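See structure below.
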Amino acid sequence: MNVYEIRGAFGLDNLVRAERPDPTPGPFQVRVRVKATSLNSRDVMMVEGRYNPRQKLPLVPNSDGAGVVDAVGPGVTRVKPGDRVMTLFAQGWQSGGPTKGVTATTLGGPLDGALSDTMLLHEDGVVLTPAYLTDVEAATLPCAAVTAWSALVTQGHLQAGDTVLLQGTGGVSMFALQIALMHGAHVIITSSREDKLERALKLGAHEGINYTTTPDWEKAARTLTGGVGVDHVVEVGGAGTFERSLKAVRVGGTVSLIGVLSGGGGAVSLLPILMQNLRVQGVFVGHRQSFEALTRAFALHEVHPVVDRVFPFAEARAAFEHLKSGAHFGKVVIQVG
C-alpha cells in the first residue's frame, strides 16, 4: 500500500511517500481502500511537531478519511465489503465522556492516519457514509463536522433563536454555520477578508464582521445583539481571541474552545467567567454516537460540506501548504483513490 509518512524528524520536508505491506484484517477488523482524506489544522501541527513533540515516528498523518471496505475479518458485523465508510477520529470512543484511554486512540497521531490508500481499522472505528455524499465530501466530516456538532448540539444544546458567533471561515466554522442554520439559529461570522464574508453571507450567515477593519469585533457583536451579547461563541483562535470571546458572549452564555490557531498560552482574566456565569467548554471532537447523529441530520437536510480545493495524492505536501497559508474557505481535501 502507498502512504505518506513523517520520517526521521518533524517538518513538511520530511513528509515523504513510502510503500508498506498490504494489511490483512484480523478478528473484528476491516480493510478500507481510502478514496479521499481531508486536512485539519491539527494535521499540520502534527507534521510540524507542534501538536505532540513526543510523537513516535514514522507516522502516517491525517485523522479524516473516506473510502470503501474491501475486506473484513472474522466476527465483523457492522459493515461488509462494498460499504462506503468514514473514519472515526478517536477509534476507542463510542459514547459517553472521553477518557485518557480514548485520547490514545486518535488517528493521525498517535495511531497511523488516513494519508494512505489503505487502512486497517476496528469495525467500531468506521461510520457508514451517507449515500448522497461523494467520498471527497465525506472525508471532510470526521473531525471538523463532528467537532462543530459536539460544540453546538451534543454539548452546547443549541436552541432555535440562539445567536452564534463564529470565527473565520475554516472547516469547523463552515460546518458550525450549516449546523446553526439547520437548528434555526442566528449566525454572526468574522473574517479578515470581505470576499470571504460575502461568501459566508451567501451560505446563510446573517451578519459578518471584518476583524481587520473592526479590531474590536466583540463590541460589534454585542451591538448586533442589542448590547446583550451572543449566546454561543465557537472559539477557534485560542489565546489571541479568547478574551474577546468572553466579552462578546451574554451573561450565562457559552464559549466552546476548539482551536488554538493564534496560540495556546497567555494570561486571561477569570473575572468575566465568574461574574457573568459563563460556561467555557473544551471540545475534543466527539464520539461515535455524535458522529452518527450528525450524519442522520445531514442526510435529512442533504447538507453538502464546503470544499475549498481538492489536491491529487501526488501533491499532498502542497495541500498542507495551502491549509497553512490560511487562504482556504472551508475544507481542503486530498483525493487518494
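Residues are referred to by chain and number: the chain letter is A, B, ... according to the order shown in the C-alpha cells, the number counts from 1 in that chain, and ligands are numbered separately from 1 in the order shown.
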
Could I get the residues of region 148-248 of chain A with an atom no further than 12 Å from an atom of region 38-42 of chain A, each paired with its nearest atom pair and that distance in Å to one decimal, using only C-alpha atoms, sorted by chain and residue number, as a tab-separated table?
residue	atom	partner	partner_atom	distance
A:Gly170	CA	A:Asn40	CA	9.1
A:Gly171	CA	A:Asn40	CA	7.7
A:Val172	CA	A:Asn40	CA	9.0
A:Val236	CA	A:Ser41	CA	10.3
A:Gly237	CA	A:Ser41	CA	11.4

Okay, now the selection with C-alpha atoms, as a PDB file, in the first residue's frame?
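File produced: again.pdb:
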ATOM      1  CA  GLY A 170     -12.226  27.375   8.010  1.00  0.00           C
ATOM      2  CA  GLY A 171     -13.668  23.882   8.198  1.00  0.00           C
ATOM      3  CA  VAL A 172     -15.088  23.928  11.736  1.00  0.00           C
ATOM      4  CA  VAL A 236     -11.050  28.557  17.193  1.00  0.00           C
ATOM      5  CA  GLY A 237      -8.452  31.297  17.624  1.00  0.00           C
TER       6      GLY A 237
END

In region 13-254 of chain A, DSSP alpha helix (DSSP H) residues written as number ranges by chain: A: 41-48, 100-103, 135-138, 146-149, 171-182, 194-202, 217-224, 242-248

Fewer than 5 positions away in the same chain doesn't count, so skip those; otherwise give me all residues within 8 Å of Leu181 (chain A), counting only C-alpha atoms, as JSON, numbers by chain. {"A": [186, 187, 204]}

Any chance you could export the current selection's N, CA and C atoms as a short mmCIF file (atom, residue, chain, number, x, y, z; two decimals), in the first residue's frame?
data_model
loop_
_atom_site.label_atom_id
_atom_site.label_comp_id
_atom_site.auth_asym_id
_atom_site.auth_seq_id
_atom_site.Cartn_x
_atom_site.Cartn_y
_atom_site.Cartn_z
N HIS A 186 -29.31 32.24 14.75
CA HIS A 186 -28.85 33.47 14.09
C HIS A 186 -27.32 33.44 14.13
N VAL A 187 -26.69 33.68 12.98
CA VAL A 187 -25.24 33.50 12.89
C VAL A 187 -24.52 34.80 12.53
N GLY A 204 -25.71 31.78 4.13
CA GLY A 204 -26.77 31.90 5.12
C GLY A 204 -26.42 32.66 6.38
#

Could you produce a table of the residues of region 108-226 of chain A lying within 6 Å of region 58-68 of chain A, with the nearest pair of atoms per residue and their separation in Å rounded to one decimal, using only C-alpha atoms, ordered by chain and increasing residue number, as a Markdown table?
| residue | atom | partner | partner_atom | distance |
| --- | --- | --- | --- | --- |
| A:Gly108 | CA | A:Pro61 | CA | 4.1 |
| A:Asp112 | CA | A:Val60 | CA | 4.7 |
| A:Gly113 | CA | A:Pro61 | CA | 4.9 |
| A:Ala114 | CA | A:Asn62 | CA | 5.2 |
| A:Leu115 | CA | A:Asn62 | CA | 5.8 |
| A:Asp135 | CA | A:Ala66 | CA | 5.7 |
| A:Ala138 | CA | A:Ala66 | CA | 6.0 |
| A:Ala139 | CA | A:Ala66 | CA | 4.7 |
| A:Pro142 | CA | A:Asp64 | CA | 5.5 |

Go ahead and save the residues from that selection, with C-alpha atoms, as a PDB file, in the first residue's frame.
ATOM      1  CA  GLY A 108      -3.083  10.697  12.604  1.00  0.00           C
ATOM      2  CA  ASP A 112      -1.351   5.970  11.857  1.00  0.00           C
ATOM      3  CA  GLY A 113      -3.872   8.008   9.903  1.00  0.00           C
ATOM      4  CA  ALA A 114      -5.616   8.387   6.567  1.00  0.00           C
ATOM      5  CA  LEU A 115      -2.911   9.809   4.270  1.00  0.00           C
ATOM      6  CA  ASP A 135     -16.105  10.421  -0.989  1.00  0.00           C
ATOM      7  CA  ALA A 138     -17.471  12.500   3.254  1.00  0.00           C
ATOM      8  CA  ALA A 139     -13.761  12.812   4.014  1.00  0.00           C
ATOM      9  CA  PRO A 142     -14.837  13.055  10.895  1.00  0.00           C
TER      10      PRO A 142
END

Please report the interatomic distance between CA of Thr154 (chain A) and CA of Leu121 (chain A) in Å with one decimal. 25.5 Å

Just give me the gap between CA of Gln159 (chain A) and CA of Leu246 (chain A) in Å, one decimal is fine. 20.1 Å

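Counting only C-alpha atoms and comparing A:Gln91, A:Ser192, A:Ser269, A:Thr163, the residue that lies closest to His232 (chain A) is A:Thr163.
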
For Val233 (chain A), please output as a PDB file with C-alpha atoms, in the first residue's frame all residues within 9 Å (counting only C-alpha atoms; exclusion window: fewer than 2 positions along the same chain).
ATOM      1  CA  THR A 163     -27.231  33.758  18.314  1.00  0.00           C
ATOM      2  CA  VAL A 164     -23.939  32.054  17.453  1.00  0.00           C
ATOM      3  CA  LEU A 165     -20.646  33.858  16.797  1.00  0.00           C
ATOM      4  CA  LEU A 166     -18.201  32.045  14.500  1.00  0.00           C
ATOM      5  CA  GLN A 167     -14.552  32.911  13.978  1.00  0.00           C
ATOM      6  CA  VAL A 230     -24.273  36.308  21.772  1.00  0.00           C
ATOM      7  CA  ASP A 231     -25.458  33.021  23.211  1.00  0.00           C
ATOM      8  CA  GLU A 235     -13.710  29.768  19.639  1.00  0.00           C
ATOM      9  CA  SER A 245     -14.878  35.951  23.024  1.00  0.00           C
ATOM     10  CA  LEU A 246     -15.564  36.271  26.752  1.00  0.00           C
ATOM     11  CA  ALA A 248     -18.806  39.004  23.174  1.00  0.00           C
ATOM     12  CA  VAL A 249     -20.914  36.380  24.933  1.00  0.00           C
ATOM     13  CA  GLY A 253     -23.577  32.176  27.650  1.00  0.00           C
ATOM     14  CA  THR A 254     -21.182  29.545  26.329  1.00  0.00           C
ATOM     15  CA  VAL A 255     -17.749  29.675  24.745  1.00  0.00           C
ATOM     16  CA  SER A 256     -16.718  26.427  23.052  1.00  0.00           C
ATOM     17  CA  LEU A 257     -12.936  26.244  22.946  1.00  0.00           C
TER      18      LEU A 257
END

At a cut-off of 7 Å, using only C-alpha atoms, what residues contact region 326-330 of chain A? Leave out same-chain residues fewer than 2 positions from it and give the result as a list in words.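 Contacts, in chain order: Thr169, Gly170, Gly171, Met174, Val306, Val307, Asp308, His322, Leu323, Lys324 and Val332 of chain A.
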
So the first atom is CA of Thr99 (chain A) and the second is CA of Ala151 (chain A); what is the distance between them in Å, to one decimal place? 17.8 Å

Residue set, region 205-300 of chain A restricted to strand (DSSP E or B), as a PyMOL selection string: chain A and resi 207-210+230-235+249-257+279-282

Filtering to C-alpha atoms, could you give me those residues as a PDB file, in the first residue's frame?
ATOM      1  CA  GLU A 207     -24.050  39.298   9.685  1.00  0.00           C
ATOM      2  CA  GLY A 208     -20.334  39.489   9.030  1.00  0.00           C
ATOM      3  CA  ILE A 209     -17.601  41.395  10.874  1.00  0.00           C
ATOM      4  CA  ASN A 210     -14.219  42.157   9.311  1.00  0.00           C
ATOM      5  CA  VAL A 230     -24.273  36.308  21.772  1.00  0.00           C
ATOM      6  CA  ASP A 231     -25.458  33.021  23.211  1.00  0.00           C
ATOM      7  CA  HIS A 232     -22.589  30.934  21.947  1.00  0.00           C
ATOM      8  CA  VAL A 233     -19.069  31.555  20.604  1.00  0.00           C
ATOM      9  CA  VAL A 234     -17.263  28.859  18.638  1.00  0.00           C
ATOM     10  CA  GLU A 235     -13.710  29.768  19.639  1.00  0.00           C
ATOM     11  CA  VAL A 249     -20.914  36.380  24.933  1.00  0.00           C
ATOM     12  CA  ARG A 250     -24.003  37.190  27.018  1.00  0.00           C
ATOM     13  CA  VAL A 251     -24.355  36.611  30.752  1.00  0.00           C
ATOM     14  CA  GLY A 252     -24.773  32.871  31.193  1.00  0.00           C
ATOM     15  CA  GLY A 253     -23.577  32.176  27.650  1.00  0.00           C
ATOM     16  CA  THR A 254     -21.182  29.545  26.329  1.00  0.00           C
ATOM     17  CA  VAL A 255     -17.749  29.675  24.745  1.00  0.00           C
ATOM     18  CA  SER A 256     -16.718  26.427  23.052  1.00  0.00           C
ATOM     19  CA  LEU A 257     -12.936  26.244  22.946  1.00  0.00           C
ATOM     20  CA  ARG A 279     -19.602  28.306  30.523  1.00  0.00           C
ATOM     21  CA  VAL A 280     -16.269  27.584  28.853  1.00  0.00           C
ATOM     22  CA  GLN A 281     -16.299  24.145  27.265  1.00  0.00           C
ATOM     23  CA  GLY A 282     -13.304  22.413  25.692  1.00  0.00           C
TER      24      GLY A 282
END

Write out as a ChimeraX atom specification the residues lying within 10 Å of Ala314 (chain A), counting only C-alpha atoms and excluding same-chain residues fewer than 5 positions away. /A:4,17,319,334-336
